[in-house]
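Content type PDB, C-alpha atoms, from the file coords17.pdb:
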```pdb
ATOM      1  CA  MET A 110      -3.160  22.920  48.345
ATOM      2  CA  PHE A 111      -2.937  24.189  44.756
ATOM      3  CA  ARG A 112       0.687  23.010  44.528
ATOM      4  CA  LYS A 113      -0.257  19.524  45.718
ATOM      5  CA  ILE A 114      -3.022  19.241  43.134
ATOM      6  CA  THR A 115      -0.728  20.553  40.401
ATOM      7  CA  ALA A 116       2.078  18.184  41.428
ATOM      8  CA  LEU A 117      -0.341  15.249  41.504
ATOM      9  CA  PHE A 118      -1.716  16.194  38.079
ATOM     10  CA  VAL A 119       1.790  16.536  36.582
ATOM     11  CA  ALA A 120       2.826  13.205  38.145
ATOM     12  CA  PHE A 121      -0.292  11.561  36.680
ATOM     13  CA  LEU A 122       0.473  12.991  33.220
ATOM     14  CA  LEU A 123       4.090  11.874  33.444
ATOM     15  CA  ILE A 124       3.148   8.332  34.459
ATOM     16  CA  PHE A 125       0.506   8.175  31.707
ATOM     17  CA  SER A 126       2.912   9.449  29.054
ATOM     18  CA  LEU A 127       5.614   6.972  30.061
ATOM     19  CA  THR A 128       3.328   3.944  30.100
ATOM     20  CA  GLY A 129       0.633   4.721  27.578
ATOM     21  CA  CYS A 130       0.373   5.327  23.912
ATOM     22  CA  MET A 131      -1.984   7.199  21.677
ATOM     23  CA  VAL A 132      -3.635   5.602  18.637
ATOM     24  CA  ILE A 133      -4.921   7.909  15.924
ATOM     25  CA  PRO A 134      -6.860   6.399  12.993
ATOM     26  CA  ILE A 135      -6.268   8.104   9.636
ATOM     27  CA  ARG A 136      -8.469   7.703   6.561
ATOM     28  CA  GLN A 137      -7.724   8.804   3.047
ATOM     29  CA  LYS A 138      -8.368   8.170  -0.620
ATOM     30  CA  ILE A 139      -5.392   7.037  -2.672
ATOM     31  CA  GLU A 140      -4.262   9.432  -5.365
ATOM     32  CA  LEU A 141      -2.047   8.208  -8.170
ATOM     33  CA  CYS A 142       1.346   9.899  -8.413
ATOM     34  CA  TYR A 143       0.761  11.177 -11.947
ATOM     35  CA  ASP A 144      -2.150  11.839 -14.264
ATOM     36  CA  VAL A 145      -3.760   8.896 -16.065
ATOM     37  CA  SER A 146      -2.384  10.237 -19.366
ATOM     38  CA  GLU A 147       1.160   9.505 -18.061
ATOM     39  CA  ILE A 148       0.463   5.794 -17.451
ATOM     40  CA  THR A 149       2.238   3.414 -19.830
ATOM     41  CA  ALA A 150       1.271   0.098 -18.200
ATOM     42  CA  ILE A 151      -0.939  -1.361 -15.491
ATOM     43  CA  GLU A 152      -0.079  -4.925 -14.549
ATOM     44  CA  ILE A 153      -1.848  -7.154 -12.028
ATOM     45  CA  TYR A 154       0.122  -9.837 -10.186
ATOM     46  CA  ASN A 155      -1.041 -12.556  -7.824
ATOM     47  CA  LEU A 156       1.519 -13.154  -5.085
ATOM     48  CA  GLY A 157      -0.626 -15.752  -3.345
ATOM     49  CA  ASP A 158      -0.375 -16.272   0.400
ATOM     50  CA  GLY A 159       3.330 -15.503   0.728
ATOM     51  CA  ALA A 160       4.160 -12.089   2.175
ATOM     52  CA  TYR A 161       6.883 -10.255   0.273
ATOM     53  CA  ASP A 162       8.881  -7.394   1.727
ATOM     54  CA  VAL A 163       8.509  -4.099  -0.101
ATOM     55  CA  TYR A 164      12.248  -3.683  -0.510
ATOM     56  CA  GLN A 165      12.614  -7.017  -2.331
ATOM     57  CA  LEU A 166       9.394  -6.879  -4.323
ATOM     58  CA  GLU A 167      10.862  -5.407  -7.523
ATOM     59  CA  GLU A 168      13.425  -8.191  -7.827
ATOM     60  CA  LEU A 169      10.861 -10.860  -6.951
ATOM     61  CA  MET A 170       8.443  -9.578  -9.587
ATOM     62  CA  GLU A 171      11.094  -9.563 -12.301
ATOM     63  CA  GLN A 172      12.431 -13.020 -11.453
ATOM     64  CA  ASN A 173       9.541 -15.024 -10.037
ATOM     65  CA  PHE A 174       6.209 -13.670 -11.174
ATOM     66  CA  ILE A 175       4.486 -12.860 -14.427
ATOM     67  CA  PRO A 176       1.363 -10.668 -14.542
ATOM     68  CA  VAL A 177      -1.999 -12.440 -14.460
ATOM     69  CA  ALA A 178      -3.408  -9.475 -16.405
ATOM     70  CA  THR A 179      -2.219  -6.394 -18.230
ATOM     71  CA  LEU A 180      -4.838  -3.701 -18.683
ATOM     72  CA  GLU A 181      -5.553  -2.109 -22.042
ATOM     73  CA  THR A 182      -4.983   1.627 -22.465
ATOM     74  CA  GLU A 183      -8.753   2.223 -22.577
ATOM     75  CA  GLN A 184      -9.108   0.688 -19.096
ATOM     76  CA  TYR A 185      -6.589   2.980 -17.340
ATOM     77  CA  SER A 186      -8.988   5.816 -16.595
ATOM     78  CA  GLY A 187     -11.765   3.594 -15.224
ATOM     79  CA  PHE A 188      -9.333   1.602 -13.114
ATOM     80  CA  ALA A 189      -7.765   4.767 -11.678
ATOM     81  CA  GLU A 190     -11.208   6.117 -10.758
ATOM     82  CA  GLU A 191     -12.148   2.869  -9.000
ATOM     83  CA  ILE A 192      -8.868   2.870  -7.045
ATOM     84  CA  LYS A 193      -9.625   6.435  -5.907
ATOM     85  CA  GLU A 194     -13.029   5.323  -4.590
ATOM     86  CA  LEU A 195     -11.614   2.737  -2.173
ATOM     87  CA  ASP A 196     -11.347   3.801   1.463
ATOM     88  CA  PHE A 197      -7.799   3.395   2.738
ATOM     89  CA  SER A 198      -6.814   3.814   6.355
ATOM     90  CA  ASP A 199      -3.804   3.685   8.623
ATOM     91  CA  THR A 200      -3.198   3.923  12.340
ATOM     92  CA  LEU A 201      -0.740   6.427  13.727
ATOM     93  CA  VAL A 202       0.653   5.160  17.035
ATOM     94  CA  ILE A 203       2.347   7.671  19.288
ATOM     95  CA  ALA A 204       4.420   5.836  21.867
ATOM     96  CA  LEU A 205       7.776   6.087  23.543
ATOM     97  CA  ALA A 206       8.776   2.691  22.206
ATOM     98  CA  SER A 207       9.738   1.928  18.640
ATOM     99  CA  VAL A 208       6.768   1.053  16.427
ATOM    100  CA  SER A 209       7.455  -1.149  13.427
ATOM    101  CA  THR A 210       5.281  -0.814  10.337
ATOM    102  CA  ASP A 211       4.664  -3.866   8.163
ATOM    103  CA  TYR A 212       5.435  -3.016   4.540
ATOM    104  CA  SER A 213       4.742  -6.440   3.078
ATOM    105  CA  PHE A 214       2.652  -7.375   0.080
ATOM    106  CA  ILE A 215       0.354 -10.381  -0.185
ATOM    107  CA  GLY A 216      -2.322 -11.463  -2.658
ATOM    108  CA  TYR A 217      -3.108  -9.228  -5.624
ATOM    109  CA  ILE A 218      -0.829  -6.306  -6.370
ATOM    110  CA  VAL A 219      -1.057  -3.686  -9.095
ATOM    111  CA  LYS A 220       2.021  -2.156 -10.701
ATOM    112  CA  ILE A 221       1.383   1.168 -12.437
ATOM    113  CA  THR A 222       4.254   2.324 -14.643
ATOM    114  CA  TYR A 223       4.536   5.919 -15.867
ATOM    115  CA  ALA A 224       6.113   7.423 -18.991
ATOM    116  CA  ASN A 225       9.090   8.767 -17.006
ATOM    117  CA  GLY A 226      10.013   5.228 -15.813
ATOM    118  CA  GLU A 227       8.751   5.684 -12.266
ATOM    119  CA  TYR A 228       6.117   3.329 -10.916
ATOM    120  CA  GLU A 229       3.941   2.611  -7.938
ATOM    121  CA  ILE A 230       2.749  -0.684  -6.533
ATOM    122  CA  LEU A 231      -0.612  -0.873  -4.791
ATOM    123  CA  ASN A 232      -1.942  -3.593  -2.504
ATOM    124  CA  HIS A 233      -4.682  -3.873   0.097
ATOM    125  CA  ARG A 234      -2.004  -3.754   2.843
ATOM    126  CA  CYS A 235       0.397  -1.057   1.652
ATOM    127  CA  GLN A 236       1.683   0.914  -1.311
ATOM    128  CA  THR A 237       5.080   1.927  -2.581
ATOM    129  CA  TYR A 238       6.254   4.542  -5.018
ATOM    130  CA  HIS A 239       9.572   4.021  -6.812
ATOM    131  CA  ASN A 240      11.763   6.545  -8.582
ATOM    132  CA  ASP A 241      15.484   6.779  -9.273
ATOM    133  CA  LYS A 242      16.135   7.701  -5.622
ATOM    134  CA  GLY A 243      14.500   4.584  -4.131
ATOM    135  CA  ASN A 244      11.252   3.211  -2.722
ATOM    136  CA  TYR A 245       8.829   5.268  -0.665
ATOM    137  CA  PRO A 246       6.365   2.957   1.095
ATOM    138  CA  ASP A 247       3.081   3.881   2.778
ATOM    139  CA  SER A 248       1.177   1.619   5.138
ATOM    140  CA  TYR A 249      -2.342   2.642   4.165
ATOM    141  CA  GLY A 250      -4.591  -0.374   3.712
ATOM    142  CA  CYS A 251      -8.137  -1.127   2.630
ATOM    143  CA  ASP A 252     -10.593  -3.965   3.058
ATOM    144  CA  GLU A 253      -9.157  -7.066   1.393
ATOM    145  CA  GLY A 254     -12.563  -8.160   0.079
ATOM    146  CA  ASP A 255     -13.169  -4.787  -1.598
ATOM    147  CA  TRP A 256      -9.669  -4.878  -3.063
ATOM    148  CA  ASN A 257     -10.074  -8.420  -4.433
ATOM    149  CA  ARG A 258     -13.476  -7.610  -5.990
ATOM    150  CA  LEU A 259     -11.992  -4.577  -7.735
ATOM    151  CA  ILE A 260      -8.997  -6.498  -9.070
ATOM    152  CA  GLU A 261     -10.964  -9.589 -10.104
ATOM    153  CA  ALA A 262     -13.299  -7.397 -12.174
ATOM    154  CA  TYR A 263     -10.280  -6.610 -14.385
ATOM    155  CA  LEU A 264      -8.942 -10.158 -14.635
ATOM    156  CA  PRO A 265      -9.618 -12.191 -17.773
ATOM    157  CA  VAL A 266     -11.931 -15.161 -17.312
ATOM    158  CA  ASP A 267      -9.066 -17.636 -17.779
ATOM    159  CA  ALA A 268      -6.704 -15.883 -15.319
ATOM    160  CA  PRO A 269      -5.061 -18.307 -12.902
ATOM    161  CA  GLY A 270      -6.286 -18.094  -9.320
ATOM    162  CA  LYS A 271      -2.919 -19.092  -7.938
ATOM    163  CA  PRO A 272       0.422 -17.255  -7.864
ATOM    164  CA  THR A 273       2.030 -17.009 -11.272
ATOM    165  CA  PRO A 274       5.715 -17.889 -11.141
ATOM    166  CA  ALA A 275       7.798 -17.172 -14.208
ATOM    167  CA  PRO A 276       8.520 -20.196 -16.385
ATOM    168  CA  VAL A 277      11.783 -21.980 -15.602
ATOM    169  CA  GLU A 278      14.163 -22.130 -18.548
TER     170      GLU A 278
END
```

I need this file expressed as structure tokens, please.
Amino acid sequence: MFRKITALFVAFLLIFSLTGCMVIPIRQKIELCYDVSEITAIEIYNLGDGAYDVYQLEELMEQNFIPVATLETEQYSGFAEEIKELDFSDTLVIALASVSTDYSFIGYIVKITYANGEYEILNHRCQTYHNDKGNYPDSYGCDEGDWNRLIEAYLPVDAPGKPTPAPVE
């Protein structure tokens, strides 16, 4: 009888593991890669409604978009503290099938450049850190409304509300 119960239990676990998946929510606060004293620039861009892939974002920013705002040195510390206060989350999915993560940027993004030339790009949907070895994306996201309120508090009054393409020459 014990063997039948054990076999039934193992069969149930096997069927569950082959057909089910496990979803684990993860919450965290975002920490900047380096200290605020290492920051050389903080630029805010408005990408609008178009979603841009993380691996093409650097080229798109250089060719198609100009910042809607560039923060002053005195604002770096306050901005970094406010970023750290936002609640970011992600969902870890454990499944037998391939799970694709969306590393695309939309709306307001913030590019933080450091003295050593490395930078990170933050968005309400994902983040990426770039150094000489490549991009390292994370899929942590926060509430879009909270993100937009934070960013808009740092925008000048005359900042355009639409995407800011670079001027055509």

Evaluate the PyMOL selection byres ((chain A and resi 216) around 9) and record the selected residues as a CSV table (one decimal) with C-alpha atoms, in the frame of the given file, following the chain and residue labels used in the document.
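Result file follows (selection_4.csv):
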```csv
chain,number,residue,atom,x,y,z
A,154,TYR,CA,0.1,-9.8,-10.2
A,155,ASN,CA,-1.0,-12.6,-7.8
A,156,LEU,CA,1.5,-13.2,-5.1
A,157,GLY,CA,-0.6,-15.8,-3.3
A,158,ASP,CA,-0.4,-16.3,0.4
A,159,GLY,CA,3.3,-15.5,0.7
A,160,ALA,CA,4.2,-12.1,2.2
A,214,PHE,CA,2.7,-7.4,0.1
A,215,ILE,CA,0.4,-10.4,-0.2
A,217,TYR,CA,-3.1,-9.2,-5.6
A,218,ILE,CA,-0.8,-6.3,-6.4
A,232,ASN,CA,-1.9,-3.6,-2.5
A,233,HIS,CA,-4.7,-3.9,0.1
A,257,ASN,CA,-10.1,-8.4,-4.4
A,272,PRO,CA,0.4,-17.3,-7.9
```

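Closest approach to Ile221 (chain A) among A:Phe174, A:Trp256, A:Phe111, A:Tyr185: A:Tyr185, based on all atoms listed in the file.
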
Practice item. Report the distance between CA of Leu259 (chain A) and CA of Ser213 (chain A) in Å, rounded to one decimal place. Key: 20.0 Å

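The space between CA of Asp162 (chain A) and CA of Ile175 (chain A) spans 17.6 Å.
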
Review point. Pick from A:Tyr263, A:Tyr238, A:Tyr223, A:Tyr249: nearest to Glu147 (chain A), with only C-alpha atoms counted?
Key: A:Tyr223
